[in-house]
Amino acid sequence: MTLHLTVLGTGYLGATHAACMAELGFEVLGMDVDQAKVEALTEGRVPFYEPDLEPLLRKHVETGRLRFTTSYAEAAAFGDVHFLCVGTPQRKGEYAADLRYVESVADGLAPHLDKPTLVVGKSTVPVGTAVRLQQRIAALARVGEEAELAWNPEFLREGFAVADTLRPDRLVVGATSERAEALLREVYAGAISADTPFIVTDYATAELVKVSANAFLATKISFINAMAELCEATGADVTVLADAIGHDARIGRRFLNAGLGFGGGCLPKDIRAFMARAGELGVDQALSFLREVDAINMRRRSHVVDRSREMCGGSFLGTRVGVLGAAFKPNSDDVRDSPALNVAGQIQLQGAQVAVYDPRAVANAQALFPTLGYADSAVEACEGADLVLHLTEWQEFVEMDPSVLDAVVAEKRIIDARNALDPLRWRAAGWLYRGLGRP
Ligand code: UDX
């Protein structure tokens, strides 16, 4: 019989996981306490931008293999395996993760569990959460310890969420019983038969794999951004340096793009929650380097503001700045902790008139920073600009012919804060081009 899966929490991770599990042939029920979200998904609408997700969602809503509900009782009755996919944001005024959604799903679901079941945590949580959650679920469930828990962290990247879920580069499972492992082997049979590494371990290791992977990625980005600072002090070129060290297979070229640094809903909050957890465990020294990683990253933003002010002649007062990009990275409409918006906001606060354009993220940016100016196109954003800032490397900007902006800007000056434009092309078109960490 086909396994029945539920997905609890239908945000970014959950909606993607639900649609992908339906694509793999399972019967799937998505559950969320947010009625509006459930209605949108039931109509085949994804409430955020993720390439490839909406067609997949629509396909399986139409076949009836994928449904959504707001009822825990219905989810409990339906599912053989329940995937827990809610968010773990940063606590207000603290570094630690806020686990209230994870706990409320466990508390909502468990009392309805009256047959042997497996709950599978996918959310990013502080190490030690799974063992507590397992006890909480077993205490509340009518079947007691037969309501089991496994931890199966998610590594998907926004913009590639569907591909990353259908073809993961590894599967990590923290499990305490053979039954739990066997069920997850059944869920991921396709990927396993395609030789995807399937790593079975304890809860703590599974939880740590996720946060340590994100900590490593953040460190890699801040490393190259620190090198960019040295390059600027010496006239060296960080892009050439990254290519050259990247040829060493032990280092690798990916995630060595120096620029405005990392943002988004994961890396910044995950490294902070990781530091907070290390402190609770009495090993804060082990992660004190992440404080520096965070500091290097935040310095990128003020560095771009400083370079921009310089290029505007020492003050932003009375200047116009055209901003290309608002999302925290291309192919996403996500503006959570977006470096681009942070820079745009700071520049406006210092007196510039700012107009922001992004191919997808303007609506979300407007909701978060309503006082910034917004435009419907790159050309409109750059009208009368004394300076253009390239802050999110959408393909549309990378491919843009400088001549389309020539006629509208007041001054042909651009800072390429993602080092993604072709300097020769912009300089040949008469622009004063500045990258970061490049001569
Ligand atoms: C990240 C992890 O990659 C993913 O495995 C995890 O599950 C969630 O967090 P995501 O937040 O979607 O995914 O973004 P990612 O592609 O990792 O980029 C993060 C940030 O780093 C972006 O702001 C991006 O612009 C920046 N970045 C990335 C750089 O500044 N330089 C690089 O070389 C790569």
# chains A, B, ... in the order shown; residues from 1 in each chain; ligands from 1
call {"tool": "residues_near_ligand", "arguments": {"ligand": "ligand 1", "cutoff": "7 Å", "atoms": "only C-alpha atoms and all ligand atoms", "output": "list of chain:residue names"}}
result
A:Glu154, A:Phe155, A:Leu156, A:Arg157, A:Glu158, A:Gly159, A:Asn214, A:Ile221, A:Arg254, A:Phe255, A:Leu256, A:Asn257, A:Ala258, A:Gly259, A:Leu260, A:Gly261, A:Phe262, A:Gly263, A:Gly264, A:Gly265, A:Cys266, A:Leu267, A:Phe328, A:Lys329, A:Ser338
call {"tool": "select_by_dssp", "arguments": {"residues": "range 3-35 of chain A", "states": "strand (DSSP E or B)", "output": "JSON, numbers by chain"}}
result
{"A": [4, 5, 6, 7, 8, 27, 28, 29, 30, 31]}
call {"tool": "write_last_selection", "arguments": {"atoms": "all heavy atoms", "output": "mmCIF file, in the first residue's frame"}}
result
data_model
loop_
_atom_site.group_PDB
_atom_site.id
_atom_site.type_symbol
_atom_site.label_atom_id
_atom_site.label_comp_id
_atom_site.auth_asym_id
_atom_site.auth_seq_id
_atom_site.Cartn_x
_atom_site.Cartn_y
_atom_site.Cartn_z
ATOM 1 N N HIS A 4 1.088 6.896 3.403
ATOM 2 C CA HIS A 4 0.403 8.183 3.560
ATOM 3 C C HIS A 4 1.287 9.108 4.373
ATOM 4 O O HIS A 4 1.649 8.777 5.499
ATOM 5 C CB HIS A 4 -0.935 7.994 4.266
ATOM 6 C CG HIS A 4 -1.989 7.421 3.376
ATOM 7 N ND1 HIS A 4 -3.329 7.507 3.637
ATOM 8 C CD2 HIS A 4 -1.883 6.750 2.204
ATOM 9 C CE1 HIS A 4 -4.007 6.920 2.672
ATOM 10 N NE2 HIS A 4 -3.145 6.442 1.790
ATOM 11 N N LEU A 5 1.625 10.250 3.803
ATOM 12 C CA LEU A 5 2.526 11.178 4.483
ATOM 13 C C LEU A 5 1.780 12.467 4.815
ATOM 14 O O LEU A 5 0.970 12.936 4.020
ATOM 15 C CB LEU A 5 3.712 11.536 3.575
ATOM 16 C CG LEU A 5 4.447 10.388 2.879
ATOM 17 C CD1 LEU A 5 5.603 10.961 2.049
ATOM 18 C CD2 LEU A 5 4.973 9.378 3.891
ATOM 19 N N THR A 6 2.060 13.031 5.966
ATOM 20 C CA THR A 6 1.578 14.384 6.215
ATOM 21 C C THR A 6 2.783 15.302 6.326
ATOM 22 O O THR A 6 3.896 14.867 6.648
ATOM 23 C CB THR A 6 0.739 14.529 7.506
ATOM 24 O OG1 THR A 6 1.609 14.607 8.626
ATOM 25 C CG2 THR A 6 -0.252 13.374 7.669
ATOM 26 N N VAL A 7 2.532 16.565 6.031
ATOM 27 C CA VAL A 7 3.565 17.587 6.164
ATOM 28 C C VAL A 7 2.976 18.674 7.050
ATOM 29 O O VAL A 7 1.975 19.300 6.693
ATOM 30 C CB VAL A 7 3.966 18.135 4.779
ATOM 31 C CG1 VAL A 7 4.940 19.292 4.931
ATOM 32 C CG2 VAL A 7 4.581 17.024 3.928
ATOM 33 N N LEU A 8 3.556 18.854 8.225
ATOM 34 C CA LEU A 8 3.003 19.773 9.218
ATOM 35 C C LEU A 8 3.753 21.093 9.144
ATOM 36 O O LEU A 8 4.959 21.140 9.403
ATOM 37 C CB LEU A 8 3.131 19.152 10.609
ATOM 38 C CG LEU A 8 2.565 17.721 10.688
ATOM 39 C CD1 LEU A 8 3.076 16.989 11.914
ATOM 40 C CD2 LEU A 8 1.053 17.741 10.669
ATOM 41 N N GLU A 27 0.733 9.502 -1.166
ATOM 42 C CA GLU A 27 -0.472 10.277 -0.852
ATOM 43 C C GLU A 27 -0.072 11.263 0.234
ATOM 44 O O GLU A 27 0.471 10.856 1.275
ATOM 45 C CB GLU A 27 -1.571 9.355 -0.306
ATOM 46 C CG GLU A 27 -2.076 8.319 -1.301
ATOM 47 C CD GLU A 27 -2.975 8.931 -2.368
ATOM 48 O OE1 GLU A 27 -3.655 9.934 -2.057
ATOM 49 O OE2 GLU A 27 -2.972 8.411 -3.503
ATOM 50 N N VAL A 28 -0.331 12.545 0.020
ATOM 51 C CA VAL A 28 0.195 13.555 0.931
ATOM 52 C C VAL A 28 -0.912 14.492 1.426
ATOM 53 O O VAL A 28 -1.741 14.957 0.645
ATOM 54 C CB VAL A 28 1.301 14.396 0.240
ATOM 55 C CG1 VAL A 28 1.897 15.411 1.211
ATOM 56 C CG2 VAL A 28 2.400 13.488 -0.320
ATOM 57 N N LEU A 29 -0.882 14.756 2.727
ATOM 58 C CA LEU A 29 -1.789 15.738 3.325
ATOM 59 C C LEU A 29 -0.933 16.799 4.005
ATOM 60 O O LEU A 29 -0.176 16.497 4.935
ATOM 61 C CB LEU A 29 -2.701 15.056 4.347
ATOM 62 C CG LEU A 29 -3.728 15.950 5.052
ATOM 63 C CD1 LEU A 29 -4.759 16.496 4.060
ATOM 64 C CD2 LEU A 29 -4.445 15.182 6.167
ATOM 65 N N GLY A 30 -1.048 18.046 3.530
ATOM 66 C CA GLY A 30 -0.331 19.150 4.163
ATOM 67 C C GLY A 30 -1.222 19.778 5.227
ATOM 68 O O GLY A 30 -2.424 19.918 5.024
ATOM 69 N N MET A 31 -0.632 20.108 6.363
ATOM 70 C CA MET A 31 -1.434 20.677 7.446
ATOM 71 C C MET A 31 -0.802 21.978 7.911
ATOM 72 O O MET A 31 0.413 22.072 8.076
ATOM 73 C CB MET A 31 -1.484 19.667 8.597
ATOM 74 C CG MET A 31 -2.435 20.021 9.703
ATOM 75 S SD MET A 31 -1.553 20.917 10.967
ATOM 76 C CE MET A 31 -2.844 21.853 11.713
#
call {"tool": "residues_around", "arguments": {"residues": "range 419-424 of chain A", "least_positions_apart": "5", "cutoff": "9 Å", "atoms": "only C-alpha atoms", "output": "list in words"}}
result
Thr239, Asn257, Ala258, Gly259, His390, Glu393, Phe397, Val398, Glu399, Met400, Ala429, Tyr433, Arg434, Gly435, Leu436, Gly437 and Arg438 of chain A
call {"tool": "closest_residue", "arguments": {"among": "A:Val120, A:Ala228, A:Pro89, A:Gly351", "to": "Thr176 in chain A", "atoms": "only C-alpha atoms"}}
result
A:Val120
call {"tool": "residues_around", "arguments": {"residues": "Glu23 in chain A", "least_positions_apart": "2", "cutoff": "10 Å", "atoms": "only C-alpha atoms", "output": "ChimeraX atom specification"}}
result
/A:17-21,25-28,56-57,59-60,65-66,166
call {"tool": "atom_distance", "arguments": {"atom1": "CA of Leu13 in chain A", "atom2": "CA of Cys85 in chain A"}}
result
6.1 Å
call {"tool": "closest_residue", "arguments": {"among": "A:Val86, A:Ala161, A:Ala96, A:Val125", "to": "Pro51 in chain A", "atoms": "only C-alpha atoms"}}
result
A:Ala161
call {"tool": "closest_residue", "arguments": {"among": "A:Pro439, A:Thr16, A:Leu349, A:Trp426", "to": "Glu232 in chain A", "atoms": "only C-alpha atoms"}}
result
A:Pro439
call {"tool": "residues_around", "arguments": {"residues": "Pro268 in chain A", "least_positions_apart": "4", "cutoff": "10 Å", "atoms": "only C-alpha atoms", "output": "PyMOL selection string"}}
result
chain A and resi 90+95+214-215+218+262-264+272-273+293-294+297-298+336-337
call {"tool": "atom_distance", "arguments": {"atom1": "CA of Tyr72 in chain A", "atom2": "CA of Leu109 in chain A"}}
result
5.3 Å
call {"tool": "select_by_dssp", "arguments": {"residues": "range 304-388 of chain A", "states": "alpha helix (DSSP H)", "output": "number ranges by chain"}}
result
A: 304-311, 339-349, 362-368, 378-381
call {"tool": "write_last_selection", "arguments": {"atoms": "N, CA, C and O atoms", "output": "compact mmCIF listing (two decimals), in the first residue's frame"}}
result
# COMPACT_ATOMS: atom_id res chain seq x y z
N VAL A 304 29.80 48.75 1.85
CA VAL A 304 29.16 49.21 0.60
C VAL A 304 28.53 50.59 0.80
O VAL A 304 28.60 51.45 -0.09
N VAL A 305 27.97 50.83 1.98
CA VAL A 305 27.41 52.15 2.26
C VAL A 305 28.53 53.20 2.22
O VAL A 305 28.39 54.26 1.59
N ASP A 306 29.69 52.88 2.84
CA ASP A 306 30.81 53.83 2.85
C ASP A 306 31.35 54.11 1.44
O ASP A 306 31.58 55.26 1.07
N ARG A 307 31.54 53.01 0.66
CA ARG A 307 32.03 53.20 -0.72
C ARG A 307 31.05 54.03 -1.53
O ARG A 307 31.43 54.86 -2.34
N SER A 308 29.75 53.80 -1.29
CA SER A 308 28.72 54.53 -2.04
C SER A 308 28.80 56.02 -1.71
O SER A 308 28.74 56.87 -2.60
N ARG A 309 28.93 56.32 -0.41
CA ARG A 309 29.00 57.72 0.00
C ARG A 309 30.19 58.40 -0.66
O ARG A 309 30.09 59.51 -1.20
N GLU A 310 31.34 57.68 -0.63
CA GLU A 310 32.54 58.22 -1.29
C GLU A 310 32.26 58.55 -2.75
O GLU A 310 32.62 59.60 -3.25
N MET A 311 31.60 57.59 -3.43
CA MET A 311 31.36 57.79 -4.87
C MET A 311 30.36 58.90 -5.12
O MET A 311 30.29 59.45 -6.22
N PRO A 339 20.78 41.57 2.60
CA PRO A 339 21.85 42.58 2.59
C PRO A 339 21.48 43.76 1.68
O PRO A 339 21.79 44.91 2.00
N ALA A 340 20.81 43.47 0.56
CA ALA A 340 20.47 44.53 -0.39
C ALA A 340 19.55 45.57 0.26
O ALA A 340 19.81 46.78 0.17
N LEU A 341 18.52 45.11 0.93
CA LEU A 341 17.58 46.06 1.54
C LEU A 341 18.21 46.79 2.71
O LEU A 341 17.91 47.96 2.96
N ASN A 342 19.09 46.09 3.41
CA ASN A 342 19.79 46.71 4.54
C ASN A 342 20.60 47.92 4.04
O ASN A 342 20.53 49.01 4.61
N VAL A 343 21.32 47.70 2.93
CA VAL A 343 22.13 48.79 2.35
C VAL A 343 21.22 49.92 1.86
O VAL A 343 21.45 51.10 2.14
N ALA A 344 20.16 49.55 1.13
CA ALA A 344 19.24 50.57 0.60
C ALA A 344 18.67 51.42 1.74
O ALA A 344 18.60 52.65 1.65
N GLY A 345 18.30 50.74 2.83
CA GLY A 345 17.72 51.44 3.99
C GLY A 345 18.72 52.40 4.63
O GLY A 345 18.39 53.55 4.92
N GLN A 346 19.95 51.92 4.81
CA GLN A 346 20.97 52.78 5.45
C GLN A 346 21.25 54.02 4.62
O GLN A 346 21.40 55.13 5.14
N ILE A 347 21.31 53.82 3.28
CA ILE A 347 21.63 54.94 2.39
C ILE A 347 20.52 55.98 2.42
O ILE A 347 20.76 57.18 2.46
N GLN A 348 19.29 55.49 2.46
CA GLN A 348 18.18 56.44 2.52
C GLN A 348 18.18 57.21 3.84
O GLN A 348 17.97 58.41 3.86
N LEU A 349 18.46 56.48 4.94
CA LEU A 349 18.50 57.15 6.25
C LEU A 349 19.57 58.23 6.28
O LEU A 349 19.47 59.20 7.02
N VAL A 362 9.82 43.01 -4.99
CA VAL A 362 9.39 44.37 -4.62
C VAL A 362 8.23 44.33 -3.61
O VAL A 362 8.24 45.07 -2.62
N ALA A 363 7.27 43.46 -3.81
CA ALA A 363 6.10 43.44 -2.90
C ALA A 363 6.53 43.11 -1.47
O ALA A 363 6.13 43.80 -0.53
N ASN A 364 7.37 42.11 -1.31
CA ASN A 364 7.84 41.75 0.03
C ASN A 364 8.70 42.86 0.63
O ASN A 364 8.64 43.13 1.82
N ALA A 365 9.51 43.49 -0.23
CA ALA A 365 10.38 44.58 0.24
C ALA A 365 9.53 45.75 0.72
O ALA A 365 9.79 46.34 1.77
N GLN A 366 8.48 46.06 -0.06
CA GLN A 366 7.59 47.16 0.32
C GLN A 366 6.93 46.93 1.67
O GLN A 366 6.78 47.85 2.46
N ALA A 367 6.56 45.67 1.91
CA ALA A 367 5.90 45.35 3.18
C ALA A 367 6.87 45.56 4.36
O ALA A 367 6.48 46.00 5.42
N LEU A 368 8.15 45.24 4.13
CA LEU A 368 9.14 45.31 5.21
C LEU A 368 9.72 46.72 5.37
O LEU A 368 9.95 47.18 6.48
N ALA A 378 14.50 48.28 -13.98
CA ALA A 378 15.85 48.76 -13.69
C ALA A 378 16.00 50.19 -14.21
O ALA A 378 16.57 51.06 -13.53
N VAL A 379 15.47 50.44 -15.38
CA VAL A 379 15.60 51.77 -15.99
C VAL A 379 14.91 52.81 -15.11
O VAL A 379 15.47 53.87 -14.81
N GLU A 380 13.70 52.47 -14.65
CA GLU A 380 12.95 53.42 -13.80
C GLU A 380 13.70 53.69 -12.49
O GLU A 380 13.78 54.82 -12.03
N ALA A 381 14.29 52.63 -11.92
CA ALA A 381 15.01 52.80 -10.64
C ALA A 381 16.21 53.73 -10.81
O ALA A 381 16.61 54.42 -9.88
call {"tool": "atom_distance", "arguments": {"atom1": "CA of Arg132 in chain A", "atom2": "CA of Val38 in chain A"}}
result
29.0 Å
call {"tool": "closest_residue", "arguments": {"among": "A:Arg67, A:Asp386, A:Val173, A:Thr371", "to": "Ala204 in chain A", "atoms": "only C-alpha atoms"}}
result
A:Val173
call {"tool": "closest_residue", "arguments": {"among": "A:Asp195, A:Glu396, A:Glu94, A:Asp107", "to": "Asn331 in chain A", "atoms": "only C-alpha atoms"}}
result
A:Glu396
call {"tool": "closest_residue", "arguments": {"among": "A:Ala106, A:Leu217, A:Val335, A:Ile251", "to": "Leu290 in chain A", "atoms": "only C-alpha atoms"}}
result
A:Leu217
call {"tool": "residues_around", "arguments": {"residues": "Pro197 in chain A", "least_positions_apart": "2", "cutoff": "9 Å", "atoms": "only C-alpha atoms", "output": "PyMOL selection string"}}
result
chain A and resi 169-172+191-192+195+199
call {"tool": "write_last_selection", "arguments": {"atoms": "C-alpha atoms", "output": "CSV table (one decimal), in the first residue's frame"}}
result
chain,number,residue,atom,x,y,z
A,169,ASP,CA,23.0,15.3,-2.3
A,170,ARG,CA,22.7,13.3,0.9
A,171,LEU,CA,20.1,12.1,3.3
A,172,VAL,CA,20.7,12.2,7.0
A,191,ALA,CA,17.0,8.6,-4.0
A,192,ILE,CA,18.7,5.7,-2.3
A,195,ASP,CA,23.1,6.1,-4.9
A,199,ILE,CA,23.5,8.4,6.7
call {"tool": "residues_around", "arguments": {"residues": "range 178-184 of chain A", "least_positions_apart": "6", "cutoff": "10 Å", "atoms": "only C-alpha atoms", "output": "list in words"}}
result
Leu3, Asp80, Val81, Thr117, Leu118, Val119, Val120, Glu148, Leu149, Ala150, Trp151, Asn152, Leu171, Phe198, Val200 and Thr201 of chain A
call {"tool": "write_last_selection", "arguments": {"atoms": "N, CA, C and O atoms", "output": "CSV table (one decimal), in the first residue's frame"}}
result
chain,number,residue,atom,x,y,z
A,3,LEU,N,2.4,4.6,1.0
A,3,LEU,CA,2.5,5.3,2.3
A,3,LEU,C,1.7,6.6,2.3
A,3,LEU,O,1.7,7.3,1.3
A,80,ASP,N,0.9,7.8,7.9
A,80,ASP,CA,1.8,6.8,8.5
A,80,ASP,C,3.1,7.5,9.0
A,80,ASP,O,3.7,7.1,9.9
A,81,VAL,N,3.5,8.5,8.2
A,81,VAL,CA,4.7,9.3,8.6
A,81,VAL,C,4.3,10.8,8.6
A,81,VAL,O,3.7,11.2,7.6
A,117,THR,N,3.1,5.2,14.8
A,117,THR,CA,3.4,6.3,13.8
A,117,THR,C,4.8,6.8,13.9
A,117,THR,O,5.5,6.6,14.9
A,118,LEU,N,5.3,7.4,12.9
A,118,LEU,CA,6.6,8.0,12.9
A,118,LEU,C,6.5,9.5,12.6
A,118,LEU,O,5.9,9.9,11.6
A,119,VAL,N,7.0,10.4,13.5
A,119,VAL,CA,7.0,11.8,13.3
A,119,VAL,C,8.5,12.1,12.9
A,119,VAL,O,9.4,11.5,13.5
A,120,VAL,N,8.7,12.8,11.8
A,120,VAL,CA,10.0,13.1,11.3
A,120,VAL,C,10.3,14.6,11.4
A,120,VAL,O,9.7,15.4,10.6
A,148,GLU,N,6.8,7.3,17.4
A,148,GLU,CA,8.2,7.5,17.4
A,148,GLU,C,8.6,8.8,16.7
A,148,GLU,O,7.9,9.4,16.0
A,149,LEU,N,9.9,9.2,16.9
A,149,LEU,CA,10.4,10.4,16.3
A,149,LEU,C,11.8,10.1,15.7
A,149,LEU,O,12.6,9.3,16.2
A,150,ALA,N,11.9,10.6,14.5
A,150,ALA,CA,13.3,10.6,13.8
A,150,ALA,C,13.6,12.0,13.4
A,150,ALA,O,12.8,12.9,13.4
A,151,TRP,N,14.9,12.3,13.2
A,151,TRP,CA,15.3,13.6,12.8
A,151,TRP,C,16.0,13.5,11.4
A,151,TRP,O,16.9,12.8,11.2
A,152,ASN,N,15.5,14.3,10.5
A,152,ASN,CA,15.9,14.2,9.1
A,152,ASN,C,16.1,15.6,8.5
A,152,ASN,O,15.2,16.1,7.9
A,171,LEU,N,21.2,12.2,2.4
A,171,LEU,CA,20.1,12.1,3.3
A,171,LEU,C,20.6,11.7,4.7
A,171,LEU,O,21.4,10.8,4.8
A,198,PHE,N,23.0,7.8,2.3
A,198,PHE,CA,21.9,7.7,3.3
A,198,PHE,C,22.6,7.4,4.6
A,198,PHE,O,23.1,6.3,4.9
A,200,VAL,N,22.7,7.1,8.6
A,200,VAL,CA,21.9,6.9,9.7
A,200,VAL,C,22.7,7.1,11.0
A,200,VAL,O,23.8,6.6,11.1
A,201,THR,N,22.1,7.9,11.9
A,201,THR,CA,22.9,8.3,13.1
A,201,THR,C,22.0,8.5,14.3
A,201,THR,O,20.8,8.3,14.2
call {"tool": "decode", "arguments": {"residues": "range 406-418 of chain A", "atoms": "N, CA, C and O atoms", "output": "PDB file, in the first residue's frame"}}
result
ATOM      1  N   ASP A 406      22.334  54.293 -19.812  1.00  0.00           N
ATOM      2  CA  ASP A 406      23.096  55.503 -20.176  1.00  0.00           C
ATOM      3  C   ASP A 406      22.228  56.750 -20.239  1.00  0.00           C
ATOM      4  O   ASP A 406      22.585  57.802 -19.710  1.00  0.00           O
ATOM      5  N   ALA A 407      21.085  56.597 -20.905  1.00  0.00           N
ATOM      6  CA  ALA A 407      20.260  57.774 -21.186  1.00  0.00           C
ATOM      7  C   ALA A 407      19.540  58.303 -19.949  1.00  0.00           C
ATOM      8  O   ALA A 407      19.161  59.471 -19.914  1.00  0.00           O
ATOM      9  N   VAL A 408      19.349  57.448 -18.940  1.00  0.00           N
ATOM     10  CA  VAL A 408      18.513  57.899 -17.816  1.00  0.00           C
ATOM     11  C   VAL A 408      19.299  58.363 -16.593  1.00  0.00           C
ATOM     12  O   VAL A 408      18.810  59.165 -15.812  1.00  0.00           O
ATOM     13  N   VAL A 409      20.528  57.832 -16.401  1.00  0.00           N
ATOM     14  CA  VAL A 409      21.249  58.197 -15.170  1.00  0.00           C
ATOM     15  C   VAL A 409      21.834  59.609 -15.273  1.00  0.00           C
ATOM     16  O   VAL A 409      22.078  60.110 -16.372  1.00  0.00           O
ATOM     17  N   ALA A 410      22.039  60.235 -14.110  1.00  0.00           N
ATOM     18  CA  ALA A 410      22.694  61.544 -14.092  1.00  0.00           C
ATOM     19  C   ALA A 410      24.205  61.360 -14.217  1.00  0.00           C
ATOM     20  O   ALA A 410      24.885  62.152 -14.857  1.00  0.00           O
ATOM     21  N   GLU A 411      24.716  60.298 -13.548  1.00  0.00           N
ATOM     22  CA  GLU A 411      26.154  60.016 -13.593  1.00  0.00           C
ATOM     23  C   GLU A 411      26.337  58.535 -13.866  1.00  0.00           C
ATOM     24  O   GLU A 411      25.657  57.710 -13.259  1.00  0.00           O
ATOM     25  N   LYS A 412      27.297  58.195 -14.751  1.00  0.00           N
ATOM     26  CA  LYS A 412      27.535  56.775 -15.066  1.00  0.00           C
ATOM     27  C   LYS A 412      28.482  56.179 -14.031  1.00  0.00           C
ATOM     28  O   LYS A 412      29.677  56.027 -14.283  1.00  0.00           O
ATOM     29  N   ARG A 413      27.923  55.869 -12.837  1.00  0.00           N
ATOM     30  CA  ARG A 413      28.735  55.302 -11.749  1.00  0.00           C
ATOM     31  C   ARG A 413      28.009  54.106 -11.174  1.00  0.00           C
ATOM     32  O   ARG A 413      26.831  54.205 -10.846  1.00  0.00           O
ATOM     33  N   ILE A 414      28.727  52.991 -11.044  1.00  0.00           N
ATOM     34  CA  ILE A 414      28.070  51.799 -10.520  1.00  0.00           C
ATOM     35  C   ILE A 414      28.978  51.060  -9.529  1.00  0.00           C
ATOM     36  O   ILE A 414      30.193  50.951  -9.744  1.00  0.00           O
ATOM     37  N   ILE A 415      28.381  50.600  -8.442  1.00  0.00           N
ATOM     38  CA  ILE A 415      29.082  49.668  -7.549  1.00  0.00           C
ATOM     39  C   ILE A 415      28.447  48.302  -7.750  1.00  0.00           C
ATOM     40  O   ILE A 415      27.234  48.135  -7.586  1.00  0.00           O
ATOM     41  N   ASP A 416      29.266  47.348  -8.131  1.00  0.00           N
ATOM     42  CA  ASP A 416      28.804  45.979  -8.343  1.00  0.00           C
ATOM     43  C   ASP A 416      29.122  45.199  -7.061  1.00  0.00           C
ATOM     44  O   ASP A 416      30.176  44.581  -6.934  1.00  0.00           O
ATOM     45  N   ALA A 417      28.169  45.213  -6.119  1.00  0.00           N
ATOM     46  CA  ALA A 417      28.444  44.640  -4.796  1.00  0.00           C
ATOM     47  C   ALA A 417      28.380  43.110  -4.803  1.00  0.00           C
ATOM     48  O   ALA A 417      28.544  42.481  -3.761  1.00  0.00           O
ATOM     49  N   ARG A 418      28.145  42.509  -5.958  1.00  0.00           N
ATOM     50  CA  ARG A 418      28.163  41.042  -6.067  1.00  0.00           C
ATOM     51  C   ARG A 418      29.270  40.560  -6.998  1.00  0.00           C
ATOM     52  O   ARG A 418      29.345  39.355  -7.285  1.00  0.00           O
TER      53      ARG A 418
END
